[in-house]
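Coordinates from coords-v3.csv are shown below (CSV, C-alpha atoms and all ligand atoms).
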chain,number,residue,atom,x,y,z
W,1,GLN,CA,18.7,-13.5,-5.3
W,2,GLN,CA,18.4,-10.1,-3.8
W,3,VAL,CA,17.7,-10.2,0.0
W,4,VAL,CA,15.7,-7.4,1.5
W,5,PRO,CA,16.5,-7.4,5.2
W,6,TYR,CA,13.3,-7.8,7.3
W,7,ARG,CA,15.0,-6.6,10.5
W,8,GLY,CA,15.6,-3.0,11.4
W,9,GLN,CA,14.0,0.0,13.0
W,10,HIS,CA,11.2,0.0,10.5
W,11,GLN,CA,9.6,-2.9,8.5
W,12,ALA,CA,10.7,-3.4,4.9
W,13,GLY,CA,8.2,-2.7,2.1
W,14,ILE,CA,7.4,0.9,3.0
W,15,THR,CA,10.4,3.0,1.9
W,16,THR,CA,11.9,0.0,0.0
W,17,PRO,CA,11.7,0.6,-3.8
W,18,ALA,CA,8.5,-1.1,-5.0
W,19,ALA,CA,9.2,-4.5,-6.6
W,20,GLN,CA,7.2,-5.6,-9.7
W,21,GLU,CA,4.8,-8.1,-8.1
W,22,ALA,CA,2.6,-7.9,-5.0
W,23,ILE,CA,0.0,-9.7,-3.1
W,24,PHE,CA,-2.1,-7.8,-0.5
W,25,ILE,CA,-3.9,-10.2,1.8
W,26,ALA,CA,-6.0,-9.5,4.9
W,27,PHE,CA,-6.7,-12.0,7.6
W,28,ASP,CA,-8.8,-12.4,10.7
W,29,VAL,CA,-6.9,-13.8,13.7
W,30,LEU,CA,-8.4,-17.0,15.1
W,31,ALA,CA,-6.7,-16.9,18.5
W,32,ARG,CA,-9.0,-16.2,21.4
W,33,ASP,CA,-6.5,-14.7,23.8
W,34,ARG,CA,-3.3,-12.8,24.0
W,35,GLN,CA,-1.1,-15.9,24.2
W,36,GLY,CA,-2.6,-17.2,21.0
W,37,LEU,CA,-2.0,-13.8,19.3
W,38,GLN,CA,1.6,-13.9,20.5
W,39,ALA,CA,2.1,-17.4,19.0
W,40,THR,CA,0.6,-16.1,15.7
W,41,LEU,CA,2.9,-13.1,15.5
W,42,GLN,CA,5.9,-15.3,16.5
W,43,LEU,CA,5.2,-17.8,13.8
W,44,LEU,CA,4.6,-15.1,11.2
W,45,THR,CA,7.9,-13.5,12.1
W,46,GLU,CA,9.7,-16.9,11.7
W,47,ARG,CA,8.1,-17.4,8.3
W,48,ILE,CA,9.0,-13.9,7.2
W,49,ALA,CA,12.6,-14.4,8.4
W,50,PHE,CA,12.9,-17.7,6.4
W,51,LEU,CA,11.1,-16.5,3.2
W,52,THR,CA,12.8,-13.2,2.9
W,53,GLN,CA,16.2,-14.7,3.5
W,54,GLY,CA,15.7,-17.8,1.2
W,55,GLY,CA,17.7,-21.0,1.4
W,56,PRO,CA,17.3,-24.8,0.9
W,57,ALA,CA,13.7,-26.0,1.1
W,58,PRO,CA,12.9,-28.3,4.0
W,59,VAL,CA,13.4,-32.0,3.5
W,60,ASP,CA,10.4,-34.0,2.3
W,61,HIS,CA,9.2,-37.3,3.8
W,62,PRO,CA,7.1,-39.6,1.6
W,63,LYS,CA,4.5,-40.2,4.3
W,64,MET,CA,4.0,-36.5,5.1
W,65,PRO,CA,2.6,-33.7,3.0
W,66,PRO,CA,5.6,-31.8,1.5
W,67,PRO,CA,6.6,-29.0,3.9
W,68,ASP,CA,7.1,-26.7,1.0
W,69,SER,CA,4.9,-26.1,-2.0
W,70,GLY,CA,7.9,-26.8,-4.3
W,71,LEU,CA,6.9,-23.8,-6.4
W,72,LEU,CA,10.4,-22.4,-6.2
W,73,GLY,CA,12.3,-25.7,-6.5
W,74,SER,CA,14.6,-27.0,-3.8
W,75,ASN,CA,16.5,-23.8,-3.3
W,76,ILE,CA,14.2,-21.0,-2.3
W,77,SER,CA,15.4,-17.7,-3.8
W,78,ALA,CA,14.8,-14.5,-1.7
W,79,ASP,CA,14.0,-12.7,-5.0
W,80,GLY,CA,13.7,-9.2,-3.4
W,81,LEU,CA,10.8,-10.4,-1.2
W,82,SER,CA,9.5,-8.1,1.5
W,83,ILE,CA,6.5,-9.0,3.7
W,84,THR,CA,5.0,-6.1,5.6
W,85,VAL,CA,2.7,-6.8,8.5
W,86,ALA,CA,0.0,-4.3,9.6
W,87,VAL,CA,-2.8,-4.6,12.1
W,88,GLY,CA,-6.4,-3.4,11.8
W,89,ALA,CA,-8.6,-1.6,14.3
W,90,SER,CA,-10.5,-4.9,15.0
W,91,LEU,CA,-7.4,-6.4,16.6
W,92,PHE,CA,-7.9,-3.9,19.4
W,93,ASP,CA,-11.4,-5.1,20.4
W,94,GLN,CA,-12.0,-6.9,23.7
W,95,ARG,CA,-10.5,-10.3,22.5
W,96,PHE,CA,-6.9,-9.6,23.4
W,97,GLY,CA,-7.3,-6.9,26.0
W,98,LEU,CA,-5.4,-4.4,23.8
W,99,GLN,CA,-7.9,-1.6,23.8
W,100,ALA,CA,-5.6,0.8,25.5
W,101,GLN,CA,-2.8,0.1,23.0
W,102,ARG,CA,-4.8,1.0,19.8
W,103,PRO,CA,-3.0,3.6,17.7
W,104,ARG,CA,-5.0,6.7,18.4
W,105,GLN,CA,-6.3,7.3,14.9
W,106,LEU,CA,-6.8,3.6,13.9
W,107,SER,CA,-10.5,3.0,13.2
W,108,GLN,CA,-12.6,1.2,10.6
W,109,MET,CA,-12.5,2.9,7.3
W,110,GLN,CA,-15.7,4.8,6.6
W,111,ALA,CA,-17.1,5.3,3.1
W,112,PHE,CA,-16.3,8.5,1.3
W,113,ALA,CA,-18.8,10.1,-1.0
W,114,ASN,CA,-17.8,8.3,-4.2
W,115,ASP,CA,-17.2,4.9,-2.5
W,116,ALA,CA,-19.3,1.7,-3.0
W,117,LEU,CA,-17.6,-0.3,-0.3
W,118,ASP,CA,-18.2,-4.1,-0.3
W,119,ALA,CA,-17.7,-5.6,3.2
W,120,ALA,CA,-16.2,-8.7,1.6
W,121,TRP,CA,-13.3,-6.6,0.3
W,122,CYS,CA,-12.8,-4.5,3.5
W,123,ASP,CA,-10.9,-4.5,6.8
W,124,GLY,CA,-9.3,-7.4,8.7
W,125,ASP,CA,-7.3,-8.0,11.9
W,126,LEU,CA,-4.0,-8.2,9.9
W,127,LEU,CA,-2.9,-7.1,6.5
W,128,LEU,CA,0.2,-8.6,4.8
W,129,GLN,CA,1.8,-6.8,1.9
W,130,CYS,CA,4.1,-9.2,0.0
W,131,CYS,CA,6.3,-7.7,-2.7
W,132,ALA,CA,9.0,-9.5,-4.9
W,133,HIS,CA,10.5,-9.5,-8.3
W,134,SER,CA,8.3,-12.4,-9.6
W,135,ARG,CA,4.8,-13.6,-9.3
W,136,GLU,CA,5.7,-17.1,-8.2
W,137,THR,CA,7.7,-15.7,-5.2
W,138,VAL,CA,4.8,-13.8,-3.8
W,139,ILE,CA,2.5,-16.7,-4.4
W,140,HIS,CA,5.0,-19.1,-2.7
W,141,ALA,CA,5.2,-16.8,0.3
W,142,VAL,CA,1.4,-16.5,0.8
W,143,ARG,CA,0.9,-20.2,0.4
W,144,ASP,CA,3.7,-20.9,2.9
W,145,ILE,CA,2.1,-18.6,5.5
W,146,ILE,CA,-1.4,-20.0,5.0
W,147,LYS,CA,0.0,-23.5,5.2
W,148,HIS,CA,1.7,-22.8,8.5
W,149,CYS,CA,-1.2,-20.9,10.1
W,150,PRO,CA,-4.4,-23.0,9.5
W,151,ASP,CA,-5.4,-22.7,13.1
W,152,LYS,CA,-4.2,-19.1,13.5
W,153,LEU,CA,-5.3,-17.0,10.5
W,154,ALA,CA,-8.5,-17.0,8.3
W,155,ALA,CA,-8.0,-15.2,5.0
W,156,ARG,CA,-10.6,-12.4,4.5
W,157,TRP,CA,-9.7,-10.8,1.1
W,158,LYS,CA,-6.8,-10.9,-1.3
W,159,MET,CA,-5.7,-8.7,-4.2
W,160,ASP,CA,-2.8,-9.2,-6.6
W,161,GLY,CA,-0.9,-6.2,-7.7
W,162,PHE,CA,1.7,-5.5,-10.5
W,163,LEU,CA,3.9,-2.7,-11.8
W,164,PRO,CA,5.3,-2.4,-15.3
W,165,ALA,CA,8.5,-4.3,-15.6
W,166,GLY,CA,10.4,-1.5,-17.4
W,167,ALA,CA,9.7,1.1,-14.8
W,168,VAL,CA,10.9,-1.2,-12.0
W,169,ARG,CA,14.1,-2.2,-14.0
W,170,HIS,CA,14.9,1.4,-14.8
W,171,SER,CA,13.7,2.9,-11.5
W,172,SER,CA,11.4,5.3,-13.4
W,173,THR,CA,7.9,6.3,-12.3
W,174,PRO,CA,5.5,3.4,-13.0
W,175,ILE,CA,2.6,4.0,-15.4
W,176,ASN,CA,-0.9,3.1,-14.1
W,177,LEU,CA,-3.7,1.5,-16.1
W,178,PHE,CA,-5.0,5.0,-17.1
W,179,GLY,CA,-1.6,5.3,-18.9
W,180,PHE,CA,-0.3,8.1,-16.6
W,181,LYS,CA,2.9,8.1,-14.6
W,182,ASP,CA,1.9,7.5,-11.0
W,183,GLY,CA,4.2,8.5,-8.1
W,184,THR,CA,6.0,11.6,-9.5
W,185,GLY,CA,4.9,13.9,-6.6
W,186,ASN,CA,6.0,11.5,-3.9
W,187,PRO,CA,8.4,12.6,-1.2
W,188,ASP,CA,12.0,11.3,-1.5
W,189,THR,CA,12.3,8.0,0.4
W,190,ALA,CA,16.1,8.5,0.6
W,191,ASP,CA,15.5,11.7,2.7
W,192,SER,CA,15.3,10.3,6.3
W,193,ALA,CA,14.3,13.6,7.8
W,194,GLN,CA,11.3,13.8,5.4
W,195,MET,CA,10.4,10.1,6.1
W,196,ASN,CA,10.5,10.9,9.8
W,197,ALA,CA,8.2,13.9,9.3
W,198,LEU,CA,5.7,12.2,7.0
W,199,VAL,CA,5.9,8.4,7.3
W,200,TRP,CA,7.2,7.1,10.6
W,201,VAL,CA,5.5,7.5,14.0
W,202,ASP,CA,7.9,9.0,16.5
W,203,ASP,CA,7.9,11.3,19.5
W,204,LYS,CA,6.1,14.1,17.6
W,205,ASP,CA,3.0,11.9,17.4
W,206,GLN,CA,0.7,11.3,20.3
W,207,GLU,CA,0.8,7.6,20.1
W,208,PRO,CA,1.3,4.6,22.5
W,209,ALA,CA,5.0,4.1,23.0
W,210,TRP,CA,5.0,0.7,21.3
W,211,ALA,CA,3.9,2.3,18.0
W,212,LYS,CA,7.1,4.3,17.5
W,213,GLY,CA,8.7,3.2,14.2
W,214,GLY,CA,5.5,2.1,12.7
W,215,SER,CA,3.2,3.8,10.1
W,216,TYR,CA,-0.5,4.1,9.3
W,217,VAL,CA,-1.6,2.3,6.2
W,218,ALA,CA,-4.5,3.4,4.0
W,219,ILE,CA,-5.3,0.8,1.4
W,220,ARG,CA,-8.0,1.4,-1.2
W,221,LEU,CA,-9.2,-1.0,-3.9
W,222,ILE,CA,-10.3,1.2,-6.7
W,223,ARG,CA,-12.0,-0.1,-9.9
W,224,PHE,CA,-11.5,1.9,-13.1
W,225,THR,CA,-14.1,2.2,-15.9
W,226,LEU,CA,-11.4,1.8,-18.5
W,227,GLU,CA,-13.7,1.3,-21.5
W,228,GLN,CA,-15.1,4.8,-20.8
W,229,TRP,CA,-11.6,6.2,-20.2
W,230,ASP,CA,-10.3,4.9,-23.5
W,231,ARG,CA,-13.0,6.9,-25.3
W,232,THR,CA,-12.1,10.1,-23.5
W,233,PRO,CA,-10.1,12.7,-25.5
W,234,LEU,CA,-6.5,13.1,-24.5
W,235,GLY,CA,-6.9,16.8,-23.6
W,236,GLU,CA,-9.6,15.9,-21.1
W,237,GLN,CA,-7.6,13.0,-19.6
W,238,GLN,CA,-4.6,15.3,-19.1
W,239,GLY,CA,-6.9,18.0,-17.6
W,240,ILE,CA,-8.2,15.5,-15.1
W,241,PHE,CA,-4.8,14.7,-13.8
W,242,GLY,CA,-3.2,18.0,-14.5
W,243,ARG,CA,-0.2,16.3,-16.1
W,244,ASP,CA,1.0,15.6,-19.6
W,245,LYS,CA,0.3,11.9,-20.4
W,246,ALA,CA,3.6,11.1,-22.1
W,247,SER,CA,6.1,13.1,-20.1
W,248,GLY,CA,4.3,13.3,-16.8
W,249,ALA,CA,5.2,17.0,-16.6
W,250,PRO,CA,2.7,19.4,-15.0
W,251,LEU,CA,0.6,20.9,-17.9
W,252,GLY,CA,2.4,23.9,-19.3
W,253,LYS,CA,5.8,22.6,-18.1
W,254,THR,CA,8.4,20.4,-19.9
W,255,HIS,CA,9.8,17.8,-17.6
W,256,GLU,CA,8.2,15.3,-15.2
W,257,PHE,CA,9.7,16.8,-12.0
W,258,ASP,CA,9.2,20.4,-13.0
W,259,ASP,CA,7.4,22.5,-10.3
W,260,PRO,CA,3.9,23.2,-11.6
W,261,GLY,CA,4.2,26.9,-10.6
W,262,PHE,CA,0.7,27.1,-9.1
W,263,ALA,CA,1.4,30.6,-7.6
W,264,ALA,CA,1.9,32.0,-11.1
W,265,ASP,CA,-1.3,30.2,-12.3
W,266,PRO,CA,-3.8,31.2,-9.6
W,267,HIS,CA,-6.9,30.7,-11.9
W,268,GLY,CA,-5.8,27.3,-13.1
W,269,GLN,CA,-5.2,28.2,-16.8
W,270,GLN,CA,-2.4,25.7,-17.1
W,271,VAL,CA,-3.2,23.1,-14.5
W,272,PRO,CA,-6.9,23.1,-13.8
W,273,LEU,CA,-7.9,23.9,-10.2
W,274,ASP,CA,-10.0,20.7,-9.9
W,275,SER,CA,-7.3,18.5,-11.5
W,276,HIS,CA,-6.2,15.5,-9.4
W,277,MET,CA,-2.7,16.7,-8.8
W,278,ARG,CA,-3.7,20.2,-7.8
W,279,ARG,CA,-6.4,19.0,-5.4
W,280,ALA,CA,-4.2,16.3,-3.9
W,281,GLU,CA,-1.2,18.5,-3.5
W,282,PRO,CA,-2.2,22.2,-3.7
W,283,ARG,CA,1.4,23.2,-2.5
W,284,GLN,CA,-0.1,25.9,-0.2
W,285,HIS,CA,2.3,25.1,2.6
W,286,GLY,CA,5.4,24.6,0.6
W,287,ARG,CA,5.7,21.1,-0.6
W,288,HIS,CA,3.8,18.0,0.7
W,289,ASP,CA,0.5,19.3,1.8
W,290,ALA,CA,-0.4,15.6,1.2
W,291,ARG,CA,1.5,14.2,4.1
W,292,LEU,CA,1.9,10.7,2.9
W,293,LEU,CA,4.0,8.3,0.8
W,294,ARG,CA,2.2,6.4,-2.0
W,295,ARG,CA,3.3,2.9,-3.1
W,296,SER,CA,0.4,1.8,-5.3
W,297,TYR,CA,0.0,-1.2,-7.6
W,298,SER,CA,-2.2,-1.9,-10.6
W,299,TYR,CA,-4.6,-4.9,-10.4
W,300,SER,CA,-6.3,-6.9,-13.1
W,301,LEU,CA,-9.1,-9.4,-12.3
W,302,GLY,CA,-11.5,-11.0,-14.7
W,303,LEU,CA,-14.6,-9.1,-15.9
W,304,THR,CA,-17.3,-7.3,-13.9
W,305,LYS,CA,-20.9,-8.6,-13.9
W,306,SER,CA,-21.6,-6.2,-16.8
W,307,GLY,CA,-18.8,-7.7,-18.9
W,308,GLN,CA,-16.3,-4.9,-18.5
W,309,LEU,CA,-12.7,-5.2,-17.6
W,310,ASP,CA,-12.3,-5.4,-13.9
W,311,MET,CA,-9.0,-3.5,-13.5
W,312,GLY,CA,-7.8,-0.7,-11.4
W,313,LEU,CA,-5.5,0.4,-8.6
W,314,VAL,CA,-4.5,-1.0,-5.3
W,315,PHE,CA,-3.9,2.5,-3.8
W,316,ILE,CA,-1.7,2.2,-0.8
W,317,CYS,CA,-0.1,5.0,1.2
W,318,PHE,CA,1.9,5.2,4.4
W,319,GLN,CA,1.8,8.1,6.9
W,320,SER,CA,2.6,9.0,10.5
W,321,ASN,CA,-0.8,10.7,10.9
W,322,LEU,CA,-3.8,9.2,9.2
W,323,GLN,CA,-5.9,12.4,9.6
W,324,THR,CA,-3.4,14.8,8.0
W,325,GLY,CA,-2.3,12.2,5.6
W,326,PHE,CA,-4.8,10.0,3.7
W,327,ILE,CA,-8.0,11.3,5.2
W,328,ALA,CA,-7.3,15.1,4.6
W,329,THR,CA,-6.0,14.4,1.1
W,330,GLN,CA,-9.0,12.2,0.2
W,331,HIS,CA,-11.4,14.9,1.4
W,332,ARG,CA,-9.6,17.4,-0.9
W,333,LEU,CA,-10.2,15.0,-3.7
W,334,ASP,CA,-13.8,14.3,-3.0
W,335,GLY,CA,-15.9,15.5,-6.0
W,336,GLU,CA,-12.9,15.6,-8.3
W,337,PRO,CA,-13.5,15.0,-12.1
W,338,LEU,CA,-11.6,11.7,-11.9
W,339,GLU,CA,-14.5,10.3,-9.9
W,340,GLU,CA,-16.4,9.7,-13.2
W,341,TYR,CA,-13.8,7.0,-14.0
W,342,ILE,CA,-13.1,5.4,-10.6
W,343,LYS,CA,-15.1,3.4,-7.9
W,344,PRO,CA,-13.4,2.5,-4.6
W,345,PHE,CA,-14.9,-0.8,-3.4
W,346,GLY,CA,-12.6,-2.1,-0.7
W,347,GLY,CA,-9.5,-1.8,1.5
W,348,GLY,CA,-9.2,-0.3,5.0
W,349,TYR,CA,-7.0,1.4,7.5
W,350,PHE,CA,-4.2,-0.5,9.2
W,351,PHE,CA,-1.1,0.2,11.2
W,352,ALA,CA,2.2,-1.2,10.0
W,353,LEU,CA,4.1,-2.6,13.0
W,354,PRO,CA,7.4,-1.1,14.0
W,355,GLY,CA,10.4,-3.1,12.8
W,356,VAL,CA,12.0,-6.0,14.7
W,357,SER,CA,15.5,-6.1,16.2
W,358,GLY,CA,17.5,-9.0,17.6
W,359,SER,CA,15.5,-12.1,18.3
W,360,ASP,CA,12.3,-10.2,18.9
W,361,TYR,CA,9.1,-11.0,16.9
W,362,LEU,CA,6.9,-8.5,15.1
W,363,GLY,CA,4.5,-6.8,17.4
W,364,ALA,CA,6.5,-7.8,20.6
W,365,GLY,CA,6.2,-4.2,21.9
W,366,LEU,CA,2.5,-4.3,21.4
W,367,LEU,CA,2.0,-7.4,23.5
W,368,GLN,CA,4.5,-6.5,26.3
T,1,LIG,C1,-0.8,12.3,-8.0
T,1,LIG,C2,-3.3,8.8,-10.1
T,1,LIG,C3,-5.9,8.2,-6.1
T,1,LIG,C4,-3.0,11.2,-3.8
T,1,LIG,C5,-1.3,11.5,-8.9
T,1,LIG,C6,-0.9,11.4,-10.3
T,1,LIG,C7,-1.6,10.4,-10.9
T,1,LIG,C8,-2.4,9.8,-9.9
T,1,LIG,C9,-1.5,10.0,-12.3
T,1,LIG,C10,0.1,12.3,-10.9
T,1,LIG,C11,1.5,11.9,-10.8
T,1,LIG,C12,2.0,11.8,-9.4
T,1,LIG,O1,2.4,12.8,-8.8
T,1,LIG,O2,2.1,10.7,-8.9
T,1,LIG,C13,-4.2,8.4,-9.2
T,1,LIG,C14,-5.3,7.4,-9.5
T,1,LIG,C15,-6.0,7.2,-8.4
T,1,LIG,C16,-5.4,8.1,-7.4
T,1,LIG,C17,-5.5,6.7,-10.8
T,1,LIG,C18,-7.2,6.4,-8.1
T,1,LIG,C19,-8.0,5.9,-8.9
T,1,LIG,C20,-5.3,8.9,-5.1
T,1,LIG,C21,-5.8,9.0,-3.7
T,1,LIG,C22,-4.9,9.8,-3.1
T,1,LIG,C23,-4.0,10.4,-4.1
T,1,LIG,C24,-6.9,8.1,-3.2
T,1,LIG,C25,-4.9,10.2,-1.7
T,1,LIG,C26,-6.0,10.3,-0.9
T,1,LIG,C27,-2.2,11.8,-4.7
T,1,LIG,C28,-1.1,12.7,-4.4
T,1,LIG,C29,-0.5,13.1,-5.6
T,1,LIG,C30,-1.2,12.3,-6.6
T,1,LIG,C31,-0.7,13.2,-3.1
T,1,LIG,C32,0.7,14.0,-5.8
T,1,LIG,C33,0.4,15.3,-6.5
T,1,LIG,C34,1.6,16.1,-6.8
T,1,LIG,O3,2.5,16.2,-5.9
T,1,LIG,O4,1.7,16.6,-7.8
T,1,LIG,N1,-2.3,10.5,-8.7
T,1,LIG,N2,-4.4,8.7,-7.9
T,1,LIG,N3,-4.3,9.8,-5.3
T,1,LIG,N4,-2.1,11.5,-6.1
T,1,LIG,FE1,-3.3,10.2,-7.0
Written as structure tokens, how would this file's structure read?
Ligand code: HEM
Amino acid sequence: QQVVPYRGQHQAGITTPAAQEAIFIAFDVLARDRQGLQATLQLLTERIAFLTQGGPAPVDHPKMPPPDSGLLGSNISADGLSITVAVGASLFDQRFGLQAQRPRQLSQMQAFANDALDAAWCDGDLLLQCCAHSRETVIHAVRDIIKHCPDKLAARWKMDGFLPAGAVRHSSTPINLFGFKDGTGNPDTADSAQMNALVWVDDKDQEPAWAKGGSYVAIRLIRFTLEQWDRTPLGEQQGIFGRDKASGAPLGKTHEFDDPGFAADPHGQQVPLDSHMRRAEPRQHGRHDARLLRRSYSYSLGLTKSGQLDMGLVFICFQSNLQTGFIATQHRLDGEPLEEYIKPFGGGYFFALPGVSGSDYLGAGLLQ
């Protein structure tokens, strides 16, 4: 019955440790004016307050549809639920007169060289990231929100995510579907100075005042060609990431968190120069050339049209500056050997709203 407080300077679900289960769902807003958008954000905040706190389910009446799905019984458990709300560039079109309030770098995600973006899996006015300890809790939360907002939100795309149970329980680095530890190189979320520098928008950033305390979100739905990967020799797999598959250590080192020592390996004898880790984080300016915080989940759908496993990664990262964060890092990765095994097909850029305090609703600053 763990409660993750939804109030605070920042929203939960960003530096919060990643729970095992997730749903990412993007919506278009049906409101036509600013008042309608305000009503939508107020109702969303109310639902988030209730769902993340938990408590007795509302009372049924036999002549009315049950107010709750019943999925969690009569006492709704908080179950570590966090719901993070982010807005897309389309929210800042002429509908709500918010053009001047758009976070400066928020735009529609453009395709990178290896992408095969499918419009049905991209963008949206709002993105919700729901994370909790069990699948039924995130499903219950999404059903609750959809049930309460039939005239306010139209779902656009949805992807379920999961992490290995053992990693979450033992707070170790989760293993992705390629079988590699994923998250080792992340900055330390307990280091608030680092989080202020890399993740949260503040006075250092040239952004509208309301955006302070928020964060840019880059989410990418990336399909893996796992059948092909599973026939690839171990040495090649390790060279592609630059890390040992079992320990997660940089190649040539012993422990997961060992420094790769790139300066002593200028020609990439140990860790190949074109490996994922070295391109993503060349460590040319000390640590964190990649100015972002990753919080990705695996996904598993059915089969692709060609009868292969449809599995991959919901890559998601948070940053105070989208250009120096995701976009610059992705450009360093363009053309990497890993591309032979991955195909990004959806996602988008969003801006996670600042946190709420007191009786405010999420996005109140934006609509003031
Ligand atoms: C590191 C997997 C996409 C940025 C890693 C590592 C793995 C991995 C296994 C090494 C362990 C670690 O430090 O976390 C993947 C997979 C991807 C993917 C399977 C997609 C199919 C991306 C994207 C970006 C990115 C799109 C950003 C644009 C990074 C960064 C590191 C990293 C910054 C840290 C490198 C370090 O500090 O050593 N990734 N990644 N990755 N990845 Fe990715």
- Message: Please return as number ranges by chain the residues found within 8 Å of ligand LIG 1 (chain T), counting only C-alpha atoms and all ligand atoms.
- Response: W: 175-178, 180-186, 220, 222-224, 241-243, 248, 250, 260, 276-283, 287-294, 312-313, 315, 317, 325-333, 338-339, 341-344
Test item: which residues lie within 7 Å of (-14.9, 1.1, 3.3) counting only C-alpha atoms, as a PDB file with C-alpha atoms, in the coordinates of the input:
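Output file selection15.pdb is given in full below:
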ATOM      1  CA  MET W 109     -12.500   2.900   7.300  1.00  0.00           C
ATOM      2  CA  GLN W 110     -15.700   4.800   6.600  1.00  0.00           C
ATOM      3  CA  ALA W 111     -17.100   5.300   3.100  1.00  0.00           C
ATOM      4  CA  LEU W 117     -17.600  -0.300  -0.300  1.00  0.00           C
ATOM      5  CA  CYS W 122     -12.800  -4.500   3.500  1.00  0.00           C
ATOM      6  CA  PHE W 345     -14.900  -0.800  -3.400  1.00  0.00           C
ATOM      7  CA  GLY W 346     -12.600  -2.100  -0.700  1.00  0.00           C
ATOM      8  CA  GLY W 347      -9.500  -1.800   1.500  1.00  0.00           C
ATOM      9  CA  GLY W 348      -9.200  -0.300   5.000  1.00  0.00           C
TER      10      GLY W 348
END
- Item | Nearest residue to Ser300 of chain W from the set W:Gly54, W:Gly261, W:Gly161, W:Gly13 (distances using only C-alpha atoms) |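 Of W:Gly54, W:Gly261, W:Gly161, W:Gly13, the one nearest Ser300 of chain W, counting only C-alpha atoms, is W:Gly161.
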- Could you jot down the atom CA of Gln228 of chain W to atom CA of Asp334 of chain W separation for me, Å, one decimal place?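 Atom CA of Asp334 of chain W lies 20.2 Å from atom CA of Gln228 of chain W.
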- Looking at W:Asp151, W:Asp274, W:Asp205, W:Glu236, which one is nearest to Gln323 of chain W, with distances taken over all atoms listed in the file?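 Of W:Asp151, W:Asp274, W:Asp205, W:Glu236, the one nearest Gln323 of chain W, counting all atoms listed in the file, is W:Asp205.
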- With distances taken over all atoms listed in the file, which of W:Glu136, W:Asp259, W:Asp33, W:Asp118 is nearest to Gln94 of chain W?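 Nearest to Gln94 of chain W: W:Asp33.
For the pair atom CA of Asn321 of chain W and atom CA of Gly358 of chain W, the separation is 27.7 Å.
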- Item | Gap from atom CA of Tyr361 of chain W to atom CA of Trp210 of chain W - Å, one decimal |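 Pair atom CA of Tyr361 of chain W / atom CA of Trp210 of chain W returns 13.2 Å.
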- Within 8 Å of Ser82 of chain W, counting only C-alpha atoms, which residues qualify if same-chain residues fewer than 4 places away don't, as an MDAnalysis selection string? chainID W and resid 4:6 12:13 52 129:132
- Note on the structure: Of W:Val217, W:Trp229, W:Gly36, W:Asp144, the one sitting nearest Leu71 of chain W when using only C-alpha atoms is W:Asp144
- Given the choices W:Tyr216, W:Pro266, W:Pro65, W:Pro17, which gets closest to Thr324 of chain W if the distance is worked out from all atoms listed in the file? W:Tyr216
- Query: Using only C-alpha atoms, which of W:Thr225, W:Ser298, W:Gln238, W:Ser357 sits nearest Pro272 of chain W?
  - Reply: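 Going through W:Thr225, W:Ser298, W:Gln238, W:Ser357 one by one, the smallest distance to Pro272 of chain W is for W:Gln238.
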Using the file's own x, y and z axes, what box holds all listed atoms of segment 23-30 of chain W with 4 Å on each side, keeping edges along x, y and z, and what are its centre and edge lengths in Å to one decimal, as AutoDock Vina command-line options?
--center_x -4.4 --center_y -12.4 --center_z 6.0 --size_x 16.8 --size_y 17.2 --size_z 26.2
- Message: Within 9 Å of (-2.4, -6.4, -10.4) (file coordinates; all atoms listed in the file), which protein or nucleic acid residues are there? I'd like them as JSON, numbers by chain.
- Response: {"W": [21, 22, 23, 159, 160, 161, 162, 163, 297, 298, 299, 300, 301, 311, 312, 313, 314]}
Residue selection dump (C-alpha atoms) as a PDB file, keeping the file's coordinate frame:
ATOM      1  CA  GLU W  21       4.800  -8.100  -8.100  1.00  0.00           C
ATOM      2  CA  ALA W  22       2.600  -7.900  -5.000  1.00  0.00           C
ATOM      3  CA  ILE W  23       0.000  -9.700  -3.100  1.00  0.00           C
ATOM      4  CA  MET W 159      -5.700  -8.700  -4.200  1.00  0.00           C
ATOM      5  CA  ASP W 160      -2.800  -9.200  -6.600  1.00  0.00           C
ATOM      6  CA  GLY W 161      -0.900  -6.200  -7.700  1.00  0.00           C
ATOM      7  CA  PHE W 162       1.700  -5.500 -10.500  1.00  0.00           C
ATOM      8  CA  LEU W 163       3.900  -2.700 -11.800  1.00  0.00           C
ATOM      9  CA  TYR W 297       0.000  -1.200  -7.600  1.00  0.00           C
ATOM     10  CA  SER W 298      -2.200  -1.900 -10.600  1.00  0.00           C
ATOM     11  CA  TYR W 299      -4.600  -4.900 -10.400  1.00  0.00           C
ATOM     12  CA  SER W 300      -6.300  -6.900 -13.100  1.00  0.00           C
ATOM     13  CA  LEU W 301      -9.100  -9.400 -12.300  1.00  0.00           C
ATOM     14  CA  MET W 311      -9.000  -3.500 -13.500  1.00  0.00           C
ATOM     15  CA  GLY W 312      -7.800  -0.700 -11.400  1.00  0.00           C
ATOM     16  CA  LEU W 313      -5.500   0.400  -8.600  1.00  0.00           C
ATOM     17  CA  VAL W 314      -4.500  -1.000  -5.300  1.00  0.00           C
TER      18      VAL W 314
END
